[in-house]
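As structure tokens, the structure follows; a few thoughts come after it.
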Amino acid sequence: MSTYGKEIAYVKGNGILIPKNVTTLWRWDLPKSCDAIETIEVEEGNPRYYSEGNCLINRETRELILGCNHSVIPQTVFRIGQEAFAGCKNINSISLPKNLLKICRAAFARTSLSSIAFPPYLATIDEDAFIDCVRLNEVVLPDSVAKIGKNAFCGCTNLKCVTLSKALTKIPRAAFRNCTSLESVEIPDSVTAIADLAFGNCEKLTSVKLSSELEKIRIGAFLGCKSLTNVTVPYGVVEIQEGAFAKCANLQRIVIPSSVTKIHYFAFLGSPVTIICGAGGSYAEEYALRHDLSFKEIEEFPAFHLYCPACGTKLVRKSNFCHHCGEKVRPSTSAQAAAKCEKESEDSES
């Protein structure tokens with residue numbers, strides 16, 4: 001029999017028992033990996049903790065503190081605790097309770113999950129929550145999710161499809177880094193920032209639709225995305241930082257709007273960019289000339305609507321909302337310009 005902390009014991013070599021007099025538990029009191037655990041029990045009469053479905057749960061906070069390969073999460077759980085299932089190699093799928101609000105740091109790190117359905121009220125997925133879940137193949141985040149932490153899905157090498165929440169305002173550092181099977185991603189218009197290395201080394205990523213509310217593309221955001229061939233930067237972006245599209249081995253064409261006023265010298269380092277499309281006299285043209293790149297001048301469509309598309313009211317200023325009816329008025333993107341640039345380039349090549 002081996003112990004964790006002072007009073008927590010393995011029983012029969014493959015189960016864990018919490019005595020009734022234990023009222024304070026720290027994560028280091030518990031096994032670092034739950035992979036070898038088959039049963040989780042709490043002695044009757046414990047005022048702070050109880051077990052259900054082979055889960056250790058805090059009575060007051062409804063936080064699941066520890067699970068195992070044989071856990072069935074009760075519907076009463078509000079939060080999956082730090083490293084609760086970390087390292088469980090035999091979990092292929094698990095059902096999350098419908099009222100779950102938060103998944104804490106590294107809760108499912110390095111598990112064998114191949115699929116997981118997120119409940120409709122989930123608000124937060126903390127850092128490292130699903131790091132190195134190499135069998136996970138799809139992620140669909142409900143629109144209730146307002147925050148994901150850094151490295152949340154980093155190293156999910158089998159992940160092919162991601163649907164992001166429309167409540168997200170930021171894609172954090174390395175959130176999807178080394179997701180080497182990811183093929184396409186659409187960043188919702190709620191997102192204003194893509195952090196460092198957010199999609200770094202997503203080698204099969206061929207299609208990216210960026211948010212129309214994006215302001216900066218940060219260091220290495222799409223570093224090593226070898227399958228990207230063209231990118232359209234939306235109007236409103238003011239800066240493309242160091243290595244943002246570096247080592248994108250097939251990236252040849254990029255549309256850059258006039259809102260961009262700074263492109264770092266190494267933004268496209270190691271990428272064979274040959275054509276930059278943009279408005280005449282813009283910073284994009286200056287950058288192209290300074291770096292001996294071909295520049296194709298294109299008509300830049302208005303960044304903002306002049307009239308509300310819902311009620312027809314003339315907008316009194318550049319705004320994302322109509323002052324009359326409250327309708328959201330999104331800036332137009334460079335999609336038409338990108339298509340025009342691509343067509344003209346193909347015509348000139350032929």
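So you can find residues: chains in the structure tokens are A, B, ... in the order shown, residues in each start at 1, and ligands are numbered from 1 in order.
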
(message) Among region 213-305 of chain A, which ones does DSSP assign to strand (DSSP E) (computed from the backbone)? Answer as a PyMOL selection string.
(response) chain A and resi 216-217+230-232+239-240+253-255+262-263+275-278+294-297

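What separates CA of Ala106 (chain A) from CA of Gln82 (chain A) is a distance of 5.9 Å.
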
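For Phe295 (chain A), the non-local neighbours within 7 Å, defined as residues at least 6 positions apart in the same chain or in other chains and counting only C-alpha atoms, are A:Ile275, A:Ile276, A:Cys277, A:Glu285, A:Ala288.
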
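Counting from CA of Arg290 (chain A), the distance to CA of Leu251 (chain A) is 19.0 Å.
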
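The neighbours of region 61-73 of chain A here are the residues that come within 6 Å of it, using only C-alpha atoms and leaving out any residue fewer than 2 positions away in the same chain; they are Cys34, Ile37, Gly53, Asn54, Cys55, Leu56, Ile57, Asn58, Arg59, Val77, Phe78, Arg79, Ile80, Gly81, Ala84, Phe85, Cys88, Asn90 and Ile91 of chain A.
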
Please identify every residue of region 30-128 of chain A that has at least one atom no farther than 8 Å from an atom of region 150-156 of chain A, counting only C-alpha atoms, and for each give the shortest atom pair and the distance in Å to one decimal, arranged by chain then increasing number, as a Markdown table.
```
| residue | atom | partner | partner_atom | distance |
| --- | --- | --- | --- | --- |
| A:Ile125 | CA | A:Ala152 | CA | 7.2 |
| A:Asp126 | CA | A:Ala152 | CA | 6.6 |
| A:Glu127 | CA | A:Lys150 | CA | 4.7 |
| A:Asp128 | CA | A:Ala152 | CA | 4.3 |
```

(request) Give me, please, the distance in Å between CA of Asn250 (chain A) and CA of Leu269 (chain A), quoted to one decimal. (result) 12.3 Å

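Here the question is which of A:Thr76, A:Asn178, A:Ser184, A:Gln241 gets nearest to Cys202 (chain A) using only C-alpha atoms, and that residue is A:Asn178.
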
Region 157-167 of chain A surroundings by only C-alpha atoms, 9 Å radius, close-in-sequence under 4 positions cut, as a short mmCIF file (atom, residue, chain, number, x, y, z; two decimals) with N, CA, C and O atoms, in the first residue's frame:
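Result saved to around_5.cif:
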```cif
data_model
loop_
_atom_site.label_atom_id
_atom_site.label_comp_id
_atom_site.auth_asym_id
_atom_site.auth_seq_id
_atom_site.Cartn_x
_atom_site.Cartn_y
_atom_site.Cartn_z
N SER A 114 -10.47 10.68 -28.75
CA SER A 114 -10.58 10.85 -30.19
C SER A 114 -11.69 11.83 -30.54
O SER A 114 -11.70 12.44 -31.61
N ASP A 132 -1.38 17.71 -26.46
CA ASP A 132 -0.86 16.38 -26.85
C ASP A 132 -1.90 15.27 -26.81
O ASP A 132 -1.59 14.11 -26.55
N CYS A 133 -3.16 15.63 -27.08
CA CYS A 133 -4.19 14.59 -27.29
C CYS A 133 -4.09 14.18 -28.76
O CYS A 133 -4.81 14.70 -29.62
N VAL A 134 -3.20 13.27 -29.04
CA VAL A 134 -2.80 12.98 -30.42
C VAL A 134 -3.86 12.25 -31.25
O VAL A 134 -3.71 12.12 -32.47
N ARG A 135 -4.93 11.78 -30.61
CA ARG A 135 -5.99 11.09 -31.36
C ARG A 135 -7.22 11.96 -31.59
O ARG A 135 -8.11 11.58 -32.35
N LEU A 136 -7.26 13.12 -30.98
CA LEU A 136 -8.40 14.02 -31.12
C LEU A 136 -8.50 14.52 -32.56
O LEU A 136 -7.54 15.07 -33.10
N ASN A 137 -9.66 14.30 -33.21
CA ASN A 137 -9.75 14.62 -34.64
C ASN A 137 -10.68 15.79 -34.98
O ASN A 137 -10.67 16.27 -36.10
N GLU A 138 -11.50 16.23 -34.04
CA GLU A 138 -12.41 17.35 -34.32
C GLU A 138 -12.70 18.13 -33.05
O GLU A 138 -12.86 17.55 -31.99
N VAL A 139 -12.76 19.45 -33.19
CA VAL A 139 -13.11 20.32 -32.07
C VAL A 139 -14.18 21.29 -32.55
O VAL A 139 -13.98 22.03 -33.51
N VAL A 140 -15.32 21.27 -31.87
CA VAL A 140 -16.40 22.22 -32.16
C VAL A 140 -16.70 22.96 -30.85
O VAL A 140 -17.26 22.39 -29.92
N LEU A 141 -16.30 24.22 -30.79
CA LEU A 141 -16.50 25.00 -29.58
C LEU A 141 -17.85 25.71 -29.64
O LEU A 141 -18.10 26.47 -30.59
N PRO A 142 -18.71 25.53 -28.65
CA PRO A 142 -20.00 26.24 -28.66
C PRO A 142 -19.77 27.73 -28.48
O PRO A 142 -18.73 28.17 -27.97
N ASP A 143 -20.74 28.53 -28.89
CA ASP A 143 -20.58 29.99 -28.84
C ASP A 143 -20.59 30.55 -27.42
O ASP A 143 -20.43 31.76 -27.24
N SER A 144 -20.74 29.69 -26.44
CA SER A 144 -20.65 30.11 -25.04
C SER A 144 -19.19 30.27 -24.60
O SER A 144 -18.91 30.98 -23.63
N VAL A 145 -18.26 29.64 -25.31
CA VAL A 145 -16.85 29.67 -24.92
C VAL A 145 -16.26 31.04 -25.25
O VAL A 145 -16.11 31.40 -26.42
N ALA A 146 -15.90 31.79 -24.21
CA ALA A 146 -15.36 33.14 -24.39
C ALA A 146 -13.85 33.18 -24.24
O ALA A 146 -13.21 34.16 -24.63
N LYS A 147 -13.26 32.10 -23.72
CA LYS A 147 -11.82 32.11 -23.49
C LYS A 147 -11.24 30.71 -23.61
O LYS A 147 -11.78 29.76 -23.05
N PHE A 153 -4.90 23.32 -27.32
CA PHE A 153 -4.99 22.15 -28.20
C PHE A 153 -3.66 21.90 -28.91
O PHE A 153 -3.61 21.24 -29.95
N ASN A 178 1.39 23.00 -33.76
CA ASN A 178 1.73 21.59 -34.03
C ASN A 178 0.50 20.71 -34.23
O ASN A 178 0.57 19.49 -34.01
N CYS A 179 -0.61 21.31 -34.65
CA CYS A 179 -1.76 20.51 -35.09
C CYS A 179 -1.51 20.21 -36.56
O CYS A 179 -2.05 20.88 -37.45
N THR A 180 -0.70 19.22 -36.81
CA THR A 180 -0.13 19.00 -38.14
C THR A 180 -1.12 18.44 -39.16
O THR A 180 -0.78 18.34 -40.34
N SER A 181 -2.33 18.07 -38.73
CA SER A 181 -3.34 17.57 -39.67
C SER A 181 -4.44 18.59 -39.96
O SER A 181 -5.31 18.34 -40.79
N LEU A 182 -4.39 19.74 -39.29
CA LEU A 182 -5.43 20.76 -39.46
C LEU A 182 -5.39 21.32 -40.88
O LEU A 182 -4.35 21.76 -41.36
N GLU A 183 -6.55 21.30 -41.57
CA GLU A 183 -6.59 21.66 -42.99
C GLU A 183 -7.15 23.05 -43.27
O GLU A 183 -6.76 23.70 -44.24
N SER A 184 -8.09 23.49 -42.46
CA SER A 184 -8.67 24.82 -42.68
C SER A 184 -9.18 25.38 -41.37
O SER A 184 -9.48 24.63 -40.43
N VAL A 185 -9.25 26.71 -41.31
CA VAL A 185 -9.77 27.35 -40.11
C VAL A 185 -10.40 28.69 -40.49
O VAL A 185 -9.89 29.40 -41.36
N GLU A 186 -11.52 28.98 -39.85
CA GLU A 186 -12.19 30.26 -40.03
C GLU A 186 -12.21 30.98 -38.69
O GLU A 186 -12.79 30.49 -37.73
N ILE A 187 -11.53 32.13 -38.63
CA ILE A 187 -11.46 32.90 -37.40
C ILE A 187 -12.70 33.78 -37.32
O ILE A 187 -12.91 34.63 -38.18
N PRO A 188 -13.55 33.63 -36.31
CA PRO A 188 -14.78 34.42 -36.23
C PRO A 188 -14.49 35.91 -36.06
O PRO A 188 -13.42 36.30 -35.59
N ASP A 189 -15.44 36.74 -36.46
CA ASP A 189 -15.25 38.19 -36.45
C ASP A 189 -15.16 38.79 -35.05
O ASP A 189 -14.85 39.96 -34.90
N SER A 190 -15.42 38.00 -34.04
CA SER A 190 -15.27 38.48 -32.66
C SER A 190 -13.81 38.58 -32.25
O SER A 190 -13.46 39.30 -31.30
N VAL A 191 -12.93 37.90 -32.96
CA VAL A 191 -11.51 37.83 -32.59
C VAL A 191 -10.77 39.07 -33.06
O VAL A 191 -10.80 39.43 -34.24
N CYS A 202 1.28 24.21 -38.40
CA CYS A 202 0.10 23.48 -38.90
C CYS A 202 0.38 23.18 -40.38
O CYS A 202 -0.06 23.92 -41.27
N LYS A 204 -0.51 21.16 -42.73
CA LYS A 204 -1.49 20.87 -43.77
C LYS A 204 -2.54 21.96 -43.92
O LYS A 204 -3.49 21.81 -44.69
#
```

(request) Just the residues within 7 Å of Thr23 (chain A), please, counting only C-alpha atoms, with nothing from its chain fewer than 2 positions along; format it as a ChimeraX atom specification. (result) /A:21,25,48

Skip Glu44 (chain A) itself and residues of its chain fewer than 6 positions away, then list as an mmCIF file with C-alpha atoms, in the first residue's frame all residues within 12 Å of it, counting only C-alpha atoms.
```cif
data_model
loop_
_atom_site.group_PDB
_atom_site.id
_atom_site.type_symbol
_atom_site.label_atom_id
_atom_site.label_comp_id
_atom_site.auth_asym_id
_atom_site.auth_seq_id
_atom_site.Cartn_x
_atom_site.Cartn_y
_atom_site.Cartn_z
ATOM 1 C CA LEU A 17 -9.337 5.877 -1.032
ATOM 2 C CA ILE A 18 -9.882 9.263 0.636
ATOM 3 C CA PRO A 19 -10.477 8.846 4.409
ATOM 4 C CA LYS A 20 -13.386 10.680 6.029
ATOM 5 C CA ASN A 21 -11.096 12.938 8.091
ATOM 6 C CA VAL A 22 -9.310 14.424 5.022
ATOM 7 C CA TYR A 50 -17.428 12.559 -2.186
ATOM 8 C CA SER A 51 -17.017 10.080 -5.003
ATOM 9 C CA GLU A 52 -19.450 9.242 -7.763
#
```

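For the choices A:Trp26, A:Phe118, A:Phe268, A:Tyr287, the atom-to-atom distance to Ser95 (chain A) is smallest for A:Phe118 when using only C-alpha atoms.
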